[in-house]
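J.: Take this structure, written in structure tokens, and hold onto it; I'll ask about it next.
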There are 2 protein chains.
Amino acid sequence: MSAKDGGVEEERQQEQEQEEQVVNPWEVSAKQGGKIDYDKLIDQFGCQRLDKSIVDRVHRLTSRPPHIFLRRGVFFAHRDLNEILDAYERGEKFYLYTGRGASSEALHVGHLVPFMFTKYLQDAFKVPLVIQLTDDEKCMWKNLSVEESKRLARENAKDIIACGFDISKTFIFSDFNYVGGTFYENMVRINKCVTYNKAVGIFGFTGEDHIGKISFPAVQAAPSFPSSFPHLFSGKHNLRCLIPCAIDQDPYFRMTRDVAPRIGFHKPALIESSFFPALQGETGKMSASDPNSAIYVTDSSKDIKNKINKYAFSGGQDSIENQRKYGANLEEYGAGRMLTGEVKMRLIELLTELVERHRRARAAVTDEMVDAFMAVRPLPNMFA
Amino acid sequence: MSAKDGGVEEERQQEQEQEEQVVNPWEVSAKQGGKIDYDKLIDQFGCQRLDKSIVDRVHRLTSRPPHIFLRRGVFFAHRDLNEILDAYERGEKFYLYTGRGASSEALHVGHLVPFMFTKYLQDAFKVPLVIQLTDDEKCMWKNLSVEESKRLARENAKDIIACGFDISKTFIFSDFNYVGGTFYENMVRINKCVTYNKAVGIFGFTGEDHIGKISFPAVQAAPSFPSSFPHLFSGKHNLRCLIPCAIDQDPYFRMTRDVAPRIGFHKPALIESSFFPALQGETGKMSASDPNSAIYVTDSSKDIKNKINKYAFSGGQDSIENQRKYGANLEEYGAGRMLTGEVKMRLIELLTELVERHRRARAAVTDEMVDAFMAVRPLPNMFA
């Protein structure tokens with residue numbers, strides 16, 4: 001990146017600190033007492049708002065109703081999504097890339113958001129998908145053993161497969177099992193283009209961080225380039241990549257997009273979601289490390305009921321009278337025609353259904369299916 | 001590493017700068033007008049002198065005369081060589097690890113030193129050997145393309161094979177072809193133990209260095225641990241490693257030795273050589289990037305004769321009378337009974353013979369032999 005870019009990056013960082021809103025791959029927190037300001041985030045990161053015209057375009061191109069996460073603005077920002085759609089309209093295909101850092105055994109419902117949405121994209125556009133399990137990242141950041149990180153990645157793969165991905169179009173890999181070959185070659189190509197100072201500007205590393213952390217961004221960047229998957233995209237050097245992810249992952253792909261043209265690839269496009277809020281409200285995201293903030297996919301219907309009733313922030317007024325009089329800020333609820341208890345009951349129903357459906361699907365995922373999804377193999381009809 | 005170690009490292013660095021002698025993996029230069037001070041280097045690096053008692057011990061244990069590079073002190077320093085010999089005496093085997101960064105097509109005679117010596121060690125101790133070709137390093141430091149780096153590694157492999165290694169005990173690999181699996185797992189384990197500040201202390205990285213350079217030391221460290229080669233050393237987690245190398249590589253292995261016990265491995269032992277001097281004298285090492293400093297293995301006998309006569313520093317006096325009267329500093333030559341021209345003639349003979357023997361051996365190395373040495377395979381009788 002140019003020195004000028006570096007300066008902008010630093011300014012952004014300072015601005016971010018002053019505002020006390022922190023969003024990076026390792027931390028998401030709103031400024032004191034507030035909620036995440038997504039408009040500001042779009043400005044800070046320099047991505048684009050995903051407006052209704054794009055949603056309509058997706059509708060038209062795929063001939064099916066856009067996913068509710070698009071219609072409701074859960075996926076609210078993008079980078080170069082129009083270029084992907086332009087190419088698609090010309091008859092060019094692309095591939096999807098998403099991932100997960102498996103730091104805990106049990107996923108919470110927030111973790112399912114990118115996968116539910118990615119499945120929709122795969123079905124709607126009929127395109128191949130690569131899913132990266134960053135067991136190396138978690139080994140380094142959470143100080144897990146290599147063996148435990150690999151075990152968690154495999155457990156999480158079962159939850160991912162349970163989201164219904166098409167095995168004829170999907171390759172799941174863990175870094176510990178897959179890094180090497182052309183993937184490693186691309187890591188080296190990427191690393192050559194990023195100075196330590198630049199990495200500090202993007203990721204905020206300090207001198208006391210271990211060098212594993214500094215080596216990692218290239219691992220997350222590499223799947224954005226088709227030659228990292230020779231068994232899938234041999235000879236398809238110009239294939240475009242679309243990355244559905246939560247917006248906290250944007251720094252990785254800002255770096256990747258900067259590097260891409262310098263090593264002869266298209267910049268990956270992004271479609272970015274807001275964070276699944278903690279039960280306590282939109283000041284933070286649902287976090288696996290705070291059990292009271294999250295509904296896990298392993299929670300029983302009783303757990304869900306208790307957590308929602310006890311912890312969930314509804315925005316409702318402090319008495320039935322005031323709630324009737326002023327309402328809260330959500331449609332029926334906002335108009336005052338619904339009580340907090342009724343809203344919570346509807347949420348309990350919805351989440352219980354989602355979680356139980358997931359649990360049934362996951363129970364049906366065998367070790368053989370995991371092996372099959374993770375086999376390094378060609379996908380003969382991946383664009384069909 | 002402890003803060004204390006870091007402090008010592010910094011002091012060493014400062015001391016080194018004041019003395020103007022610079023020795024690291026990327027630069028070797030004596031202080032102005034002087035030659036490399038190897039005693040000082042042993043103090044600075046904290047390694048041990050390889051004294052006559054060890055040479056005698058090697059003689060006794062292997063029942064064969066020690067290599068001339070041992071007797072003449074070309075390999076002059078070590079770390080924990082006695083522990084390797086203790087273990088060997090108890091009937092435990094070890095493995096050898098050496099390597100080469102292939103930055104140019106033609107090797108010079110200095111490049112052959114570690115390989116000639118390593119072949120002797122392999123034969124004398126009857127132990128397996130892994131040879132790392134750091135094509136990734138050269139791609140990053142010399143800004144070569146991935147493809148060109150891989151091609152050079154393969155060309156250099158032919159020169160290495162020509163040194164006569166036993167294919168039943170030798171595995172040659174290039175990083176671009178081999179990094180992955182348990183090798184990558186060990187890279188991550190190593191990286192977790194080294195902070196950026198520590199790496200700066202050892203290697204002198206700056207913020208303007210790209211992050212590929214910061215990621216590389218773990219790649220050179222990983223072959224020091226047997227689990228990086230599951231096809232060779234499966235179940236031999238405690239196997240010791242001995243690394244023959246030039247002393248400029250010591251920083252990599254100082255780092256490796258610091259990390260080793262923290263991730264459950266033996267520290268690798270080292271046996272370290274001085275530098276093959278430039279033709280112009282011992283103020284620097286023979287360098288592939290300065291054609292007049294080096295005799296290449298591709299030089300014709302005429303090239304060799306011309307370079308030695310034109311460029312070689314002999315220490316001889318400036319006239320025949322003075323040479324006869326004062327002599328130079330080398331045995332017959334030192335005693336004044338030999339003229340510069342006669343010394344040079346003997347050197348020309350020796351080097352021509354060495355280079356021509358190498359050239360014949362290299363011409364006999366086929367692509368199939370390279371493939372065979374580089375095949376990821378078990379070595380069934382590697383300790384026999």
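So you can find residues: chains in the structure tokens are A, B, ... in the order shown, residues in each start at 1, and ligands are numbered from 1 in order.
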Please find the residues of chain B near chain A - the criterion being any atom within 8 Å, counting only C-alpha atoms - and write them as an MDAnalysis selection string.
T.: chainID B and resid 136 140 146 176:182 184:185 188:189 191:197 199 206:215
J.: Could you please write out, as a compact mmCIF listing (two decimals) with C-alpha atoms, in the first residue's frame, every residue of segment 80-283 of chain A that DSSP assigns to strand (DSSP E)?
T.:
```
# COMPACT_ATOMS: atom_id res chain seq x y z
CA PHE A 94 -17.77 -16.67 -9.27
CA TYR A 95 -17.06 -18.57 -6.10
CA LEU A 96 -18.03 -17.95 -2.50
CA TYR A 97 -15.59 -17.96 0.39
CA THR A 98 -16.52 -17.79 4.03
CA GLY A 99 -15.06 -19.18 7.21
CA ARG A 100 -15.13 -19.74 10.88
CA LEU A 129 -18.15 -22.44 -1.99
CA VAL A 130 -14.99 -22.82 0.06
CA ILE A 131 -15.25 -22.69 3.85
CA GLN A 132 -12.08 -22.06 5.86
CA LEU A 133 -11.84 -23.29 9.45
CA THR A 170 -18.74 -27.16 -1.23
CA PHE A 171 -15.19 -27.69 -0.02
CA ILE A 172 -14.56 -27.30 3.73
CA PHE A 173 -10.96 -27.18 4.90
CA SER A 174 -9.05 -26.52 8.08
CA ARG A 240 -13.96 -13.74 -9.02
CA CYS A 241 -14.54 -14.35 -5.33
CA LEU A 242 -17.41 -13.11 -3.15
CA ILE A 243 -16.98 -13.20 0.61
CA PRO A 244 -20.03 -13.13 2.89
CA CYS A 245 -18.86 -12.22 6.42
CA ALA A 246 -19.56 -10.08 9.45
CA ALA A 269 -15.89 -8.67 -3.35
CA LEU A 270 -17.54 -8.58 0.05
CA ILE A 271 -21.06 -8.70 1.40
CA GLU A 272 -21.00 -7.77 5.06
CA SER A 273 -23.41 -8.27 7.94
CA PRO A 277 -26.49 -8.55 19.08
CA ALA A 278 -25.92 -9.84 22.58
CA GLY A 281 -28.66 -5.26 23.61
CA GLU A 282 -26.86 -3.79 20.67
CA THR A 283 -23.86 -2.45 22.56
```
J.: Kindly give the distance, in Å, that separates atom CA of Val28 of chain B and atom CA of Asn306 of chain B, rounded to a single decimal.
T.: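 Computing it gives 25.8 Å between the two atoms.
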J.: Point out the residue among B:Gly264, B:Gly33, B:Gly91, B:Gly164 with the least atom-to-atom distance to Phe117 of chain B, counting only C-alpha atoms.
T.: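 Between B:Gly264, B:Gly33, B:Gly91, B:Gly164, the residue approaching Phe117 of chain B most closely is B:Gly164.
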J.: When you look at Ser227 of chain A with a cut-off of 10 Å (counting only C-alpha atoms), what residues show up, excluding the ones that are within fewer than 4 positions of it in the same chain? I need them as a list of chain:residue names.
T.: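 So the residues in contact are A:Gly181, A:Thr182, A:Phe183, A:Glu185, A:Asn186, A:Ala222, A:Pro223, A:His231, A:Leu232, A:Phe233, A:Ser234, A:Gly235, A:Lys236, A:His237, A:Asn238, A:Leu239, A:Phe265.
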J.: Restricting it to N, CA, C and O atoms, dump the selection as a JSON list (two decimals), in the first residue's frame.
T.:
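File produced: out38.json:
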```json
[["chain", "number", "residue", "atom", "x", "y", "z"],
["A", 181, "GLY", "N", 1.31, -26.20, -0.60],
["A", 181, "GLY", "CA", 1.14, -26.12, -2.05],
["A", 181, "GLY", "C", 0.90, -24.71, -2.54],
["A", 181, "GLY", "O", 1.52, -23.75, -2.06],
["A", 182, "THR", "N", -0.03, -24.56, -3.49],
["A", 182, "THR", "CA", -0.27, -23.24, -4.07],
["A", 182, "THR", "C", -0.90, -22.29, -3.04],
["A", 182, "THR", "O", -0.78, -21.07, -3.17],
["A", 183, "PHE", "N", -1.57, -22.85, -2.05],
["A", 183, "PHE", "CA", -2.12, -22.02, -0.97],
["A", 183, "PHE", "C", -0.96, -21.32, -0.25],
["A", 183, "PHE", "O", -1.00, -20.10, -0.02],
["A", 185, "GLU", "N", 2.03, -20.87, -1.47],
["A", 185, "GLU", "CA", 2.64, -19.95, -2.44],
["A", 185, "GLU", "C", 1.92, -18.60, -2.42],
["A", 185, "GLU", "O", 2.55, -17.54, -2.44],
["A", 186, "ASN", "N", 0.59, -18.64, -2.39],
["A", 186, "ASN", "CA", -0.16, -17.39, -2.34],
["A", 186, "ASN", "C", 0.07, -16.65, -1.02],
["A", 186, "ASN", "O", 0.15, -15.41, -1.01],
["A", 222, "ALA", "N", -5.50, -15.79, 1.65],
["A", 222, "ALA", "CA", -5.20, -16.70, 0.53],
["A", 222, "ALA", "C", -6.43, -17.32, -0.14],
["A", 222, "ALA", "O", -6.45, -17.45, -1.37],
["A", 223, "PRO", "N", -7.47, -17.72, 0.62],
["A", 223, "PRO", "CA", -8.63, -18.33, -0.06],
["A", 223, "PRO", "C", -9.38, -17.38, -0.98],
["A", 223, "PRO", "O", -10.25, -17.82, -1.74],
["A", 231, "HIS", "N", -7.36, -27.96, -7.01],
["A", 231, "HIS", "CA", -8.25, -29.09, -7.29],
["A", 231, "HIS", "C", -9.64, -28.62, -7.69],
["A", 231, "HIS", "O", -10.45, -29.39, -8.18],
["A", 232, "LEU", "N", -9.93, -27.33, -7.47],
["A", 232, "LEU", "CA", -11.24, -26.78, -7.84],
["A", 232, "LEU", "C", -11.15, -25.86, -9.06],
["A", 232, "LEU", "O", -11.97, -25.95, -9.97],
["A", 233, "PHE", "N", -10.14, -24.99, -9.04],
["A", 233, "PHE", "CA", -10.15, -23.87, -9.99],
["A", 233, "PHE", "C", -8.93, -23.84, -10.89],
["A", 233, "PHE", "O", -8.47, -22.76, -11.29],
["A", 234, "SER", "N", -8.37, -25.00, -11.18],
["A", 234, "SER", "CA", -7.21, -25.05, -12.05],
["A", 234, "SER", "C", -7.53, -24.38, -13.39],
["A", 234, "SER", "O", -8.56, -24.68, -14.01],
["A", 235, "GLY", "N", -6.67, -23.46, -13.80],
["A", 235, "GLY", "CA", -6.89, -22.77, -15.08],
["A", 235, "GLY", "C", -7.92, -21.66, -14.99],
["A", 235, "GLY", "O", -8.21, -21.01, -15.99],
["A", 236, "LYS", "N", -8.49, -21.43, -13.80],
["A", 236, "LYS", "CA", -9.51, -20.37, -13.65],
["A", 236, "LYS", "C", -8.93, -19.21, -12.83],
["A", 236, "LYS", "O", -9.53, -18.75, -11.85],
["A", 237, "HIS", "N", -7.78, -18.75, -13.25],
["A", 237, "HIS", "CA", -7.05, -17.72, -12.52],
["A", 237, "HIS", "C", -7.86, -16.43, -12.37],
["A", 237, "HIS", "O", -7.67, -15.68, -11.41],
["A", 238, "ASN", "N", -8.78, -16.18, -13.29],
["A", 238, "ASN", "CA", -9.54, -14.92, -13.27],
["A", 238, "ASN", "C", -10.88, -15.01, -12.58],
["A", 238, "ASN", "O", -11.66, -14.06, -12.60],
["A", 239, "LEU", "N", -11.16, -16.17, -12.00],
["A", 239, "LEU", "CA", -12.45, -16.33, -11.34],
["A", 239, "LEU", "C", -12.58, -15.33, -10.19],
["A", 239, "LEU", "O", -11.65, -15.14, -9.41],
["A", 265, "PHE", "N", -4.46, -10.83, -9.31],
["A", 265, "PHE", "CA", -5.80, -11.39, -9.11],
["A", 265, "PHE", "C", -6.84, -10.27, -9.04],
["A", 265, "PHE", "O", -6.52, -9.12, -8.76]]
```
